[in-house]
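Data block for data36.txt (compact mmCIF, N, CA and C atoms):
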```txt
# COMPACT_ATOMS: atom_id res chain seq x y z
N MET A 107 0.84 -1.18 0.00
CA MET A 107 0.00 0.00 0.00
C MET A 107 0.89 1.24 0.00
N HIS A 108 0.49 2.22 -0.80
CA HIS A 108 1.24 3.46 -0.89
C HIS A 108 0.73 4.46 0.15
N THR A 109 1.64 4.96 0.93
CA THR A 109 1.28 6.08 1.80
C THR A 109 1.67 7.36 1.06
N PRO A 110 1.07 8.48 1.42
CA PRO A 110 1.36 9.72 0.68
C PRO A 110 2.84 10.09 0.62
N ASP A 111 3.60 9.71 1.64
CA ASP A 111 5.01 10.08 1.66
C ASP A 111 5.94 8.93 1.29
N SER A 112 5.40 7.82 0.84
CA SER A 112 6.25 6.69 0.50
C SER A 112 7.04 7.00 -0.77
N PRO A 113 8.18 6.36 -0.93
CA PRO A 113 8.98 6.59 -2.14
C PRO A 113 8.20 6.26 -3.42
N ASP A 114 7.36 5.24 -3.37
CA ASP A 114 6.58 4.90 -4.56
C ASP A 114 5.59 6.01 -4.91
N SER A 115 4.95 6.60 -3.91
CA SER A 115 4.00 7.69 -4.16
C SER A 115 4.72 8.92 -4.72
N ARG A 116 5.88 9.23 -4.18
CA ARG A 116 6.64 10.38 -4.69
C ARG A 116 7.07 10.12 -6.13
N LEU A 117 7.49 8.89 -6.41
CA LEU A 117 7.89 8.52 -7.78
C LEU A 117 6.69 8.65 -8.72
N ASP A 118 5.53 8.14 -8.29
CA ASP A 118 4.32 8.24 -9.11
C ASP A 118 3.96 9.69 -9.40
N ARG A 119 4.01 10.55 -8.39
CA ARG A 119 3.70 11.97 -8.58
C ARG A 119 4.72 12.62 -9.50
N GLY A 120 5.99 12.27 -9.32
CA GLY A 120 7.04 12.84 -10.17
C GLY A 120 6.89 12.42 -11.62
N LEU A 121 6.61 11.14 -11.85
CA LEU A 121 6.41 10.66 -13.22
C LEU A 121 5.15 11.27 -13.84
N SER A 122 4.12 11.41 -13.03
CA SER A 122 2.89 12.03 -13.52
C SER A 122 3.16 13.47 -13.95
N ALA A 123 3.89 14.22 -13.15
CA ALA A 123 4.23 15.60 -13.49
C ALA A 123 5.09 15.64 -14.76
N LEU A 124 6.04 14.71 -14.89
CA LEU A 124 6.89 14.64 -16.07
C LEU A 124 6.04 14.43 -17.33
N PHE A 125 5.10 13.50 -17.25
CA PHE A 125 4.26 13.22 -18.41
C PHE A 125 3.35 14.40 -18.74
N ILE A 126 2.89 15.11 -17.75
CA ILE A 126 2.06 16.30 -18.01
C ILE A 126 2.88 17.33 -18.78
N TYR A 127 4.14 17.56 -18.37
CA TYR A 127 4.99 18.52 -19.09
C TYR A 127 5.32 18.06 -20.50
N ILE A 128 5.58 16.76 -20.65
CA ILE A 128 5.85 16.22 -22.00
C ILE A 128 4.62 16.38 -22.88
N GLU A 129 3.46 16.08 -22.31
CA GLU A 129 2.20 16.23 -23.02
C GLU A 129 2.02 17.66 -23.52
N LYS A 130 2.27 18.62 -22.65
CA LYS A 130 2.12 20.03 -23.02
C LYS A 130 3.13 20.42 -24.09
N LEU A 131 4.35 19.94 -23.96
CA LEU A 131 5.38 20.23 -24.96
C LEU A 131 4.97 19.69 -26.32
N VAL A 132 4.49 18.46 -26.36
CA VAL A 132 4.07 17.87 -27.63
C VAL A 132 2.89 18.65 -28.22
N LEU A 133 1.95 19.08 -27.37
CA LEU A 133 0.82 19.88 -27.86
C LEU A 133 1.29 21.21 -28.45
N VAL A 134 2.26 21.83 -27.83
CA VAL A 134 2.81 23.07 -28.37
C VAL A 134 3.48 22.79 -29.71
N ILE A 135 4.20 21.69 -29.81
CA ILE A 135 4.84 21.32 -31.07
C ILE A 135 3.80 21.07 -32.15
N VAL A 136 2.73 20.33 -31.81
CA VAL A 136 1.66 20.06 -32.77
C VAL A 136 1.02 21.36 -33.23
N GLY A 137 0.72 22.25 -32.30
CA GLY A 137 0.14 23.54 -32.65
C GLY A 137 1.08 24.36 -33.53
N GLY A 138 2.36 24.34 -33.20
CA GLY A 138 3.34 25.07 -34.00
C GLY A 138 3.48 24.50 -35.40
N LEU A 139 3.49 23.18 -35.51
CA LEU A 139 3.57 22.55 -36.83
C LEU A 139 2.32 22.84 -37.66
N ALA A 140 1.15 22.87 -37.00
CA ALA A 140 -0.08 23.23 -37.72
C ALA A 140 0.01 24.67 -38.22
N LEU A 141 0.55 25.54 -37.40
CA LEU A 141 0.71 26.94 -37.81
C LEU A 141 1.68 27.04 -38.99
N ILE A 142 2.75 26.28 -38.96
CA ILE A 142 3.70 26.25 -40.09
C ILE A 142 2.99 25.72 -41.33
N GLY A 143 2.15 24.68 -41.16
CA GLY A 143 1.40 24.14 -42.29
C GLY A 143 0.48 25.18 -42.90
N ILE A 144 -0.17 25.98 -42.06
CA ILE A 144 -1.02 27.06 -42.57
C ILE A 144 -0.18 28.04 -43.38
N GLY A 145 0.97 28.40 -42.83
CA GLY A 145 1.87 29.31 -43.54
C GLY A 145 2.32 28.76 -44.88
N GLN A 146 2.66 27.46 -44.91
CA GLN A 146 3.08 26.84 -46.16
C GLN A 146 1.95 26.82 -47.19
N SER A 147 0.73 26.55 -46.70
CA SER A 147 -0.42 26.54 -47.62
C SER A 147 -0.66 27.92 -48.20
N ILE A 148 -0.60 28.93 -47.36
CA ILE A 148 -0.80 30.30 -47.84
C ILE A 148 0.32 30.70 -48.80
N TRP A 149 1.55 30.33 -48.47
CA TRP A 149 2.68 30.62 -49.36
C TRP A 149 2.49 29.94 -50.71
N GLY A 150 2.00 28.70 -50.70
CA GLY A 150 1.73 27.99 -51.95
C GLY A 150 0.67 28.68 -52.79
N ILE A 151 -0.34 29.22 -52.12
CA ILE A 151 -1.40 29.96 -52.83
C ILE A 151 -0.80 31.19 -53.51
N PHE A 152 0.07 31.91 -52.80
CA PHE A 152 0.68 33.10 -53.38
C PHE A 152 1.63 32.73 -54.53
N GLN A 153 2.32 31.61 -54.41
CA GLN A 153 3.26 31.21 -55.46
C GLN A 153 2.54 30.87 -56.76
N ILE A 154 1.44 30.13 -56.66
CA ILE A 154 0.75 29.74 -57.90
C ILE A 154 -0.32 30.74 -58.30
N ARG A 155 -0.55 31.74 -57.44
CA ARG A 155 -1.53 32.80 -57.70
C ARG A 155 -2.91 32.24 -58.02
N GLU A 156 -3.28 31.23 -57.24
CA GLU A 156 -4.59 30.61 -57.44
C GLU A 156 -5.04 30.02 -56.10
N ILE A 157 -6.28 30.29 -55.77
CA ILE A 157 -6.85 29.75 -54.54
C ILE A 157 -7.69 28.54 -54.93
N ARG A 158 -7.27 27.38 -54.47
CA ARG A 158 -8.00 26.16 -54.75
C ARG A 158 -8.73 25.69 -53.50
N LEU A 159 -9.85 25.05 -53.70
CA LEU A 159 -10.65 24.54 -52.59
C LEU A 159 -9.84 23.56 -51.74
N ALA A 160 -9.02 22.76 -52.37
CA ALA A 160 -8.20 21.79 -51.63
C ALA A 160 -7.27 22.50 -50.65
N ASP A 161 -6.72 23.65 -51.07
CA ASP A 161 -5.84 24.42 -50.18
C ASP A 161 -6.61 24.98 -48.99
N LEU A 162 -7.81 25.50 -49.25
CA LEU A 162 -8.62 26.04 -48.16
C LEU A 162 -9.02 24.94 -47.17
N LEU A 163 -9.37 23.76 -47.70
CA LEU A 163 -9.71 22.65 -46.81
C LEU A 163 -8.51 22.21 -45.98
N MET A 164 -7.32 22.27 -46.58
CA MET A 164 -6.12 21.92 -45.83
C MET A 164 -5.88 22.91 -44.70
N ILE A 165 -6.12 24.18 -44.97
CA ILE A 165 -5.98 25.21 -43.93
C ILE A 165 -6.99 24.95 -42.81
N PHE A 166 -8.21 24.58 -43.18
CA PHE A 166 -9.21 24.25 -42.15
C PHE A 166 -8.79 23.05 -41.32
N ILE A 167 -8.17 22.06 -41.94
CA ILE A 167 -7.67 20.91 -41.17
C ILE A 167 -6.64 21.37 -40.15
N PHE A 168 -5.71 22.23 -40.59
CA PHE A 168 -4.70 22.74 -39.65
C PHE A 168 -5.34 23.55 -38.53
N ILE A 169 -6.35 24.36 -38.86
CA ILE A 169 -7.04 25.15 -37.83
C ILE A 169 -7.73 24.23 -36.84
N GLU A 170 -8.36 23.16 -37.33
CA GLU A 170 -9.04 22.21 -36.44
C GLU A 170 -8.04 21.51 -35.53
N ILE A 171 -6.86 21.20 -36.05
CA ILE A 171 -5.83 20.58 -35.22
C ILE A 171 -5.39 21.55 -34.12
N MET A 172 -5.21 22.82 -34.49
CA MET A 172 -4.84 23.81 -33.48
C MET A 172 -5.94 23.98 -32.44
N ALA A 173 -7.19 23.98 -32.87
CA ALA A 173 -8.32 24.12 -31.95
C ALA A 173 -8.37 22.92 -31.01
N MET A 174 -8.11 21.74 -31.55
CA MET A 174 -8.12 20.54 -30.72
C MET A 174 -7.02 20.61 -29.66
N ALA A 175 -5.85 21.08 -30.03
CA ALA A 175 -4.76 21.23 -29.05
C ALA A 175 -5.14 22.27 -28.00
N ASN A 176 -5.76 23.36 -28.42
CA ASN A 176 -6.17 24.40 -27.49
C ASN A 176 -7.21 23.88 -26.51
N VAL A 177 -8.19 23.14 -27.00
CA VAL A 177 -9.22 22.58 -26.12
C VAL A 177 -8.58 21.63 -25.11
N TYR A 178 -7.59 20.88 -25.55
CA TYR A 178 -6.93 19.96 -24.61
C TYR A 178 -6.21 20.74 -23.51
N PHE A 179 -5.60 21.86 -23.87
CA PHE A 179 -4.95 22.70 -22.84
C PHE A 179 -5.96 23.20 -21.83
N LEU A 180 -7.13 23.61 -22.31
CA LEU A 180 -8.14 24.20 -21.43
C LEU A 180 -8.87 23.17 -20.59
N ARG A 181 -9.23 22.03 -21.20
CA ARG A 181 -10.07 21.04 -20.51
C ARG A 181 -9.35 19.79 -20.04
N ARG A 182 -8.13 19.59 -20.50
CA ARG A 182 -7.36 18.37 -20.21
C ARG A 182 -7.98 17.14 -20.87
N SER A 183 -8.86 17.34 -21.81
CA SER A 183 -9.42 16.25 -22.61
C SER A 183 -9.93 16.85 -23.92
N VAL A 184 -10.04 16.01 -24.91
CA VAL A 184 -10.54 16.45 -26.21
C VAL A 184 -11.85 15.72 -26.47
N PRO A 185 -12.90 16.47 -26.79
CA PRO A 185 -14.15 15.79 -27.15
C PRO A 185 -13.90 14.85 -28.32
N PHE A 186 -14.51 13.69 -28.26
CA PHE A 186 -14.29 12.67 -29.28
C PHE A 186 -14.68 13.15 -30.66
N THR A 187 -15.55 14.15 -30.73
CA THR A 187 -16.02 14.61 -32.04
C THR A 187 -14.99 15.45 -32.79
N TYR A 188 -14.03 16.06 -32.10
CA TYR A 188 -13.04 16.89 -32.81
C TYR A 188 -12.26 16.11 -33.87
N PRO A 189 -11.68 14.96 -33.52
CA PRO A 189 -10.99 14.20 -34.58
C PRO A 189 -11.94 13.76 -35.70
N MET A 190 -13.20 13.57 -35.34
CA MET A 190 -14.18 13.17 -36.36
C MET A 190 -14.44 14.31 -37.34
N PHE A 191 -14.48 15.54 -36.84
CA PHE A 191 -14.63 16.70 -37.73
C PHE A 191 -13.41 16.81 -38.66
N ILE A 192 -12.25 16.56 -38.11
CA ILE A 192 -11.03 16.59 -38.93
C ILE A 192 -11.10 15.52 -40.02
N ALA A 193 -11.61 14.34 -39.66
CA ALA A 193 -11.74 13.26 -40.65
C ALA A 193 -12.71 13.64 -41.77
N VAL A 194 -13.82 14.28 -41.43
CA VAL A 194 -14.78 14.71 -42.45
C VAL A 194 -14.13 15.72 -43.39
N THR A 195 -13.40 16.67 -42.82
CA THR A 195 -12.73 17.67 -43.65
C THR A 195 -11.66 17.02 -44.53
N ALA A 196 -10.92 16.07 -43.98
CA ALA A 196 -9.88 15.38 -44.75
C ALA A 196 -10.49 14.57 -45.89
N LEU A 197 -11.60 13.90 -45.62
CA LEU A 197 -12.26 13.14 -46.68
C LEU A 197 -12.82 14.07 -47.76
N SER A 198 -13.34 15.22 -47.34
CA SER A 198 -13.84 16.21 -48.31
C SER A 198 -12.70 16.69 -49.19
N ARG A 199 -11.57 16.93 -48.57
CA ARG A 199 -10.39 17.38 -49.33
C ARG A 199 -9.96 16.30 -50.33
N LEU A 200 -10.00 15.04 -49.89
CA LEU A 200 -9.64 13.93 -50.77
C LEU A 200 -10.56 13.87 -51.98
N ILE A 201 -11.85 14.06 -51.76
CA ILE A 201 -12.81 14.06 -52.87
C ILE A 201 -12.49 15.19 -53.85
N VAL A 202 -12.19 16.38 -53.31
CA VAL A 202 -11.88 17.53 -54.16
C VAL A 202 -10.60 17.27 -54.95
N LEU A 203 -9.59 16.68 -54.31
CA LEU A 203 -8.32 16.43 -55.00
C LEU A 203 -8.47 15.40 -56.12
N GLN A 204 -9.34 14.43 -55.92
CA GLN A 204 -9.49 13.39 -56.94
C GLN A 204 -10.25 13.88 -58.15
N GLY A 205 -11.00 14.94 -57.97
CA GLY A 205 -11.73 15.50 -59.11
C GLY A 205 -12.72 14.51 -59.67
N LYS A 206 -12.62 14.28 -60.94
CA LYS A 206 -13.56 13.38 -61.63
C LYS A 206 -12.98 11.98 -61.73
N GLY A 207 -12.45 11.49 -60.62
CA GLY A 207 -11.86 10.16 -60.60
C GLY A 207 -12.92 9.07 -60.62
N SER A 208 -12.61 7.97 -60.04
CA SER A 208 -13.52 6.82 -60.08
C SER A 208 -14.77 7.11 -59.25
N SER A 209 -15.90 6.70 -59.80
CA SER A 209 -17.15 6.90 -59.08
C SER A 209 -17.25 5.97 -57.88
N GLN A 210 -16.57 4.83 -57.94
CA GLN A 210 -16.58 3.90 -56.82
C GLN A 210 -15.84 4.51 -55.62
N GLY A 211 -14.71 5.14 -55.86
CA GLY A 211 -13.97 5.81 -54.79
C GLY A 211 -14.79 6.93 -54.18
N LEU A 212 -15.47 7.68 -55.03
CA LEU A 212 -16.33 8.77 -54.56
C LEU A 212 -17.45 8.23 -53.68
N LEU A 213 -18.01 7.09 -54.07
CA LEU A 213 -19.07 6.47 -53.28
C LEU A 213 -18.56 6.06 -51.90
N TYR A 214 -17.37 5.46 -51.86
CA TYR A 214 -16.79 5.04 -50.58
C TYR A 214 -16.49 6.24 -49.67
N GLU A 215 -15.89 7.26 -50.26
CA GLU A 215 -15.51 8.44 -49.47
C GLU A 215 -16.72 9.20 -48.97
N SER A 216 -17.72 9.37 -49.83
CA SER A 216 -18.93 10.07 -49.39
C SER A 216 -19.70 9.24 -48.38
N SER A 217 -19.67 7.92 -48.51
CA SER A 217 -20.30 7.05 -47.50
C SER A 217 -19.58 7.19 -46.16
N ALA A 218 -18.27 7.28 -46.21
CA ALA A 218 -17.50 7.46 -44.98
C ALA A 218 -17.85 8.79 -44.31
N ILE A 219 -18.02 9.85 -45.11
CA ILE A 219 -18.42 11.15 -44.56
C ILE A 219 -19.80 11.04 -43.91
N LEU A 220 -20.72 10.35 -44.58
CA LEU A 220 -22.06 10.18 -44.03
C LEU A 220 -22.01 9.40 -42.72
N ILE A 221 -21.25 8.32 -42.67
CA ILE A 221 -21.15 7.50 -41.46
C ILE A 221 -20.54 8.30 -40.31
N ILE A 222 -19.47 9.02 -40.59
CA ILE A 222 -18.83 9.83 -39.55
C ILE A 222 -19.78 10.92 -39.07
N SER A 223 -20.48 11.56 -40.00
CA SER A 223 -21.43 12.61 -39.62
C SER A 223 -22.55 12.05 -38.75
N LEU A 224 -23.06 10.88 -39.10
CA LEU A 224 -24.08 10.24 -38.27
C LEU A 224 -23.53 9.90 -36.89
N ALA A 225 -22.29 9.45 -36.84
CA ALA A 225 -21.66 9.14 -35.55
C ALA A 225 -21.54 10.39 -34.69
N ILE A 226 -21.19 11.50 -35.31
CA ILE A 226 -21.11 12.77 -34.57
C ILE A 226 -22.48 13.13 -34.00
N LEU A 227 -23.52 12.99 -34.82
CA LEU A 227 -24.87 13.29 -34.36
C LEU A 227 -25.28 12.38 -33.19
N ILE A 228 -24.97 11.11 -33.29
CA ILE A 228 -25.31 10.16 -32.23
C ILE A 228 -24.57 10.51 -30.94
N ILE A 229 -23.29 10.81 -31.08
CA ILE A 229 -22.51 11.18 -29.89
C ILE A 229 -23.05 12.45 -29.25
N ARG A 230 -23.30 13.45 -30.06
CA ARG A 230 -23.84 14.72 -29.52
C ARG A 230 -25.20 14.49 -28.87
N PHE A 231 -26.05 13.70 -29.51
CA PHE A 231 -27.38 13.42 -28.96
C PHE A 231 -27.27 12.65 -27.65
N SER A 232 -26.37 11.66 -27.62
CA SER A 232 -26.23 10.85 -26.40
C SER A 232 -25.64 11.66 -25.25
N GLN A 233 -24.84 12.67 -25.55
CA GLN A 233 -24.28 13.51 -24.50
C GLN A 233 -25.36 14.31 -23.80
N GLN A 234 -26.43 14.59 -24.50
CA GLN A 234 -27.53 15.32 -23.87
C GLN A 234 -28.21 14.48 -22.79
N PHE A 235 -28.11 13.17 -22.90
CA PHE A 235 -28.77 12.28 -21.97
C PHE A 235 -27.79 11.50 -21.10
N SER A 236 -26.57 11.98 -21.01
CA SER A 236 -25.59 11.33 -20.15
C SER A 236 -25.96 11.55 -18.69
N THR A 237 -25.43 10.71 -17.83
CA THR A 237 -25.73 10.78 -16.40
C THR A 237 -25.34 12.14 -15.83
N ASP A 238 -24.16 12.63 -16.19
CA ASP A 238 -23.70 13.93 -15.68
C ASP A 238 -24.64 15.06 -16.08
N THR A 239 -25.04 15.04 -17.35
CA THR A 239 -25.92 16.10 -17.84
C THR A 239 -27.26 16.06 -17.14
N LEU A 240 -27.81 14.86 -17.00
CA LEU A 240 -29.10 14.73 -16.33
C LEU A 240 -29.01 15.17 -14.87
N GLN A 241 -27.90 14.82 -14.21
CA GLN A 241 -27.73 15.24 -12.81
C GLN A 241 -27.62 16.76 -12.71
N ARG A 242 -26.91 17.39 -13.65
CA ARG A 242 -26.79 18.85 -13.63
C ARG A 242 -28.15 19.51 -13.86
N ARG A 243 -28.93 18.95 -14.78
CA ARG A 243 -30.26 19.50 -15.03
C ARG A 243 -31.15 19.38 -13.79
N GLU A 244 -31.08 18.22 -13.14
CA GLU A 244 -31.88 18.02 -11.93
C GLU A 244 -31.44 18.99 -10.84
N ALA A 245 -30.14 19.21 -10.70
CA ALA A 245 -29.64 20.14 -9.69
C ALA A 245 -30.10 21.56 -10.00
N GLN A 246 -30.10 21.94 -11.28
CA GLN A 246 -30.57 23.26 -11.65
C GLN A 246 -32.06 23.42 -11.39
N GLU A 247 -32.82 22.36 -11.68
CA GLU A 247 -34.26 22.42 -11.41
C GLU A 247 -34.54 22.51 -9.91
N ASP A 248 -33.77 21.76 -9.11
CA ASP A 248 -33.92 21.81 -7.65
C ASP A 248 -33.55 23.18 -7.13
N HIS A 249 -32.55 23.80 -7.73
CA HIS A 249 -32.08 25.11 -7.29
C HIS A 249 -33.12 26.19 -7.60
N HIS A 250 -33.85 26.03 -8.72
CA HIS A 250 -34.84 27.03 -9.13
C HIS A 250 -36.16 26.89 -8.38
N GLU A 251 -36.38 25.77 -7.71
CA GLU A 251 -37.65 25.57 -6.99
C GLU A 251 -37.70 26.27 -5.68
```
What's the structure tokens form of this structure?
Amino acid sequence: MHTPDSPDSRLDRGLSALFIYIEKLVLVIVGGLALIGIGQSIWGIFQIREIRLADLLMIFIFIEIMAMANVYFLRRSVPFTYPMFIAVTALSRLIVLQGKGSSQGLLYESSAILIISLAILIIRFSQQFSTDTLQRREAQEDHHE
């Protein structure tokens, strides 16, 4: 059994703190790389003097990655739907890049977008009826009575 002052407890707290700092460092790196990606995309637009939808979607993917890192800093967790939004944007970009490619590939990619979008809706809907949410609503109702 670990007591608060035992060597094992101190080691656990020290390793936990180390991982928290590493986590934050990696998030800063991810955010910085996303910012560099945005800069590279904008630079590419200026070089070819043409704004393509694929470039704009890529910028949105980078923005979503930065937003996800920011949310993690603020909440210490990322809602499961954030990576799903990034996946929808990435699949949309893939469709745009392929242009008038195979109709079978388009069917698969658009089906994947539909499935992911439905999953996001289900997750969002289920969060409204989660135990925590229901308890908060009950507490608010009790407070207003």
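Taking CA of Ala175 (chain A) and CA of Val136 (chain A) as the two end points, the separation is 7.5 Å.
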**Prompt:** Given the choices A:Met190, A:Leu203, A:Val184, A:Ile167, which gets closest to Ala140 (chain A) if the distance is worked out from all atoms listed in the file?
**Reply:** A:Ile167
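What separates atom N of Arg116 (chain A) from atom N of Lys130 (chain A) is a distance of 21.0 Å.
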**Prompt:** Residues at most 7 Å from region 158-160 of chain A, counting all atoms listed in the file, excluding those fewer than 2 positions away in the same chain, as a PyMOL selection string?
**Reply:** chain A and resi 151+156+162-165+199+202-203
Those same residues - N, CA and C atoms - I'd like them written as a PDB file, in the coordinates of the input.
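That gives us again.pdb:
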```pdb
ATOM      1  N   ILE A 151      -0.340  29.220 -52.120  1.00  0.00           N
ATOM      2  CA  ILE A 151      -1.400  29.960 -52.830  1.00  0.00           C
ATOM      3  C   ILE A 151      -0.800  31.190 -53.510  1.00  0.00           C
ATOM      4  N   GLU A 156      -3.280  31.230 -57.240  1.00  0.00           N
ATOM      5  CA  GLU A 156      -4.590  30.610 -57.440  1.00  0.00           C
ATOM      6  C   GLU A 156      -5.040  30.020 -56.100  1.00  0.00           C
ATOM      7  N   LEU A 162      -7.810  25.500 -49.250  1.00  0.00           N
ATOM      8  CA  LEU A 162      -8.620  26.040 -48.160  1.00  0.00           C
ATOM      9  C   LEU A 162      -9.020  24.940 -47.170  1.00  0.00           C
ATOM     10  N   LEU A 163      -9.370  23.760 -47.700  1.00  0.00           N
ATOM     11  CA  LEU A 163      -9.710  22.650 -46.810  1.00  0.00           C
ATOM     12  C   LEU A 163      -8.510  22.210 -45.980  1.00  0.00           C
ATOM     13  N   MET A 164      -7.320  22.270 -46.580  1.00  0.00           N
ATOM     14  CA  MET A 164      -6.120  21.920 -45.830  1.00  0.00           C
ATOM     15  C   MET A 164      -5.880  22.910 -44.700  1.00  0.00           C
ATOM     16  N   ILE A 165      -6.120  24.180 -44.970  1.00  0.00           N
ATOM     17  CA  ILE A 165      -5.980  25.210 -43.930  1.00  0.00           C
ATOM     18  C   ILE A 165      -6.990  24.950 -42.810  1.00  0.00           C
ATOM     19  N   ARG A 199     -11.570  16.930 -48.570  1.00  0.00           N
ATOM     20  CA  ARG A 199     -10.390  17.380 -49.330  1.00  0.00           C
ATOM     21  C   ARG A 199      -9.960  16.300 -50.330  1.00  0.00           C
ATOM     22  N   VAL A 202     -12.190  16.380 -53.310  1.00  0.00           N
ATOM     23  CA  VAL A 202     -11.880  17.530 -54.160  1.00  0.00           C
ATOM     24  C   VAL A 202     -10.600  17.270 -54.950  1.00  0.00           C
ATOM     25  N   LEU A 203      -9.590  16.680 -54.310  1.00  0.00           N
ATOM     26  CA  LEU A 203      -8.320  16.430 -55.000  1.00  0.00           C
ATOM     27  C   LEU A 203      -8.470  15.400 -56.120  1.00  0.00           C
TER      28      LEU A 203
END
```
**Request:** Would you work out the distance separating atom C of Gly143 (chain A) from CA of Ala173 (chain A), expressed in Å to one decimal?
**Result:** 14.1 Å
I want to know what sits within 7 Å of region 214-230 of chain A, based on only N, CA and C atoms, with residues of the same chain fewer than 3 positions away left out; could you give that as an mmCIF file with N, CA and C atoms, in the coordinates of the input?
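Generated file (out.cif):
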```cif
data_model
loop_
_atom_site.group_PDB
_atom_site.id
_atom_site.type_symbol
_atom_site.label_atom_id
_atom_site.label_comp_id
_atom_site.auth_asym_id
_atom_site.auth_seq_id
_atom_site.Cartn_x
_atom_site.Cartn_y
_atom_site.Cartn_z
ATOM 1 N N THR A 187 -15.550 14.150 -30.730
ATOM 2 C CA THR A 187 -16.020 14.610 -32.040
ATOM 3 C C THR A 187 -14.990 15.450 -32.790
ATOM 4 N N MET A 190 -13.200 13.570 -35.340
ATOM 5 C CA MET A 190 -14.180 13.170 -36.360
ATOM 6 C C MET A 190 -14.440 14.310 -37.340
ATOM 7 N N ALA A 193 -11.610 14.340 -39.660
ATOM 8 C CA ALA A 193 -11.740 13.260 -40.650
ATOM 9 C C ALA A 193 -12.710 13.640 -41.770
ATOM 10 N N VAL A 194 -13.820 14.280 -41.430
ATOM 11 C CA VAL A 194 -14.780 14.710 -42.450
ATOM 12 C C VAL A 194 -14.130 15.720 -43.390
ATOM 13 N N LEU A 197 -11.600 13.900 -45.620
ATOM 14 C CA LEU A 197 -12.260 13.140 -46.680
ATOM 15 C C LEU A 197 -12.820 14.070 -47.760
ATOM 16 N N SER A 209 -15.900 6.700 -59.800
ATOM 17 C CA SER A 209 -17.150 6.900 -59.080
ATOM 18 C C SER A 209 -17.250 5.970 -57.880
ATOM 19 N N GLN A 210 -16.570 4.830 -57.940
ATOM 20 C CA GLN A 210 -16.580 3.900 -56.820
ATOM 21 C C GLN A 210 -15.840 4.510 -55.620
ATOM 22 N N GLY A 211 -14.710 5.140 -55.860
ATOM 23 C CA GLY A 211 -13.970 5.810 -54.790
ATOM 24 C C GLY A 211 -14.790 6.930 -54.180
ATOM 25 N N GLN A 233 -24.840 12.670 -25.550
ATOM 26 C CA GLN A 233 -24.280 13.510 -24.500
ATOM 27 C C GLN A 233 -25.360 14.310 -23.800
ATOM 28 N N GLN A 234 -26.430 14.590 -24.500
ATOM 29 C CA GLN A 234 -27.530 15.320 -23.870
ATOM 30 C C GLN A 234 -28.210 14.480 -22.790
ATOM 31 N N PHE A 235 -28.110 13.170 -22.900
ATOM 32 C CA PHE A 235 -28.770 12.280 -21.970
ATOM 33 C C PHE A 235 -27.790 11.500 -21.100
#
```
**Asked** When DSSP works through the backbone of this structure, what residues of chain A end up as helix (DSSP H, G or I), shown as an NGL selection string?
**Response** :A and (113-154 or 159-181 or 187-204 or 209-234 or 237-250)
**Asked** Hey, what's within 12 Å of region 122-129 of chain A if we count only C-alpha atoms and toss same-chain stuff fewer than 3 positions away? As a list in words, please?
**Response** Ser115, Arg116, Leu117, Asp118, Arg119, Val132, Leu133, Val134, Ile135, Val136, Ala175, Tyr178, Phe179, Arg182 and Ser183 of chain A
Any chance you could export region 118-129 of chain A with N, CA and C atoms, as a short mmCIF file (atom, residue, chain, number, x, y, z; two decimals), in the first residue's frame?
```
data_model
loop_
_atom_site.label_atom_id
_atom_site.label_comp_id
_atom_site.auth_asym_id
_atom_site.auth_seq_id
_atom_site.Cartn_x
_atom_site.Cartn_y
_atom_site.Cartn_z
N ASP A 118 5.53 8.14 -8.29
CA ASP A 118 4.32 8.24 -9.11
C ASP A 118 3.96 9.69 -9.40
N ARG A 119 4.01 10.55 -8.39
CA ARG A 119 3.70 11.97 -8.58
C ARG A 119 4.72 12.62 -9.50
N GLY A 120 5.99 12.27 -9.32
CA GLY A 120 7.04 12.84 -10.17
C GLY A 120 6.89 12.42 -11.62
N LEU A 121 6.61 11.14 -11.85
CA LEU A 121 6.41 10.66 -13.22
C LEU A 121 5.15 11.27 -13.84
N SER A 122 4.12 11.41 -13.03
CA SER A 122 2.89 12.03 -13.52
C SER A 122 3.16 13.47 -13.95
N ALA A 123 3.89 14.22 -13.15
CA ALA A 123 4.23 15.60 -13.49
C ALA A 123 5.09 15.64 -14.76
N LEU A 124 6.04 14.71 -14.89
CA LEU A 124 6.89 14.64 -16.07
C LEU A 124 6.04 14.43 -17.33
N PHE A 125 5.10 13.50 -17.25
CA PHE A 125 4.26 13.22 -18.41
C PHE A 125 3.35 14.40 -18.74
N ILE A 126 2.89 15.11 -17.75
CA ILE A 126 2.06 16.30 -18.01
C ILE A 126 2.88 17.33 -18.78
N TYR A 127 4.14 17.56 -18.37
CA TYR A 127 4.99 18.52 -19.09
C TYR A 127 5.32 18.06 -20.50
N ILE A 128 5.58 16.76 -20.65
CA ILE A 128 5.85 16.22 -22.00
C ILE A 128 4.62 16.38 -22.88
N GLU A 129 3.46 16.08 -22.31
CA GLU A 129 2.20 16.23 -23.02
C GLU A 129 2.02 17.66 -23.52
#
```
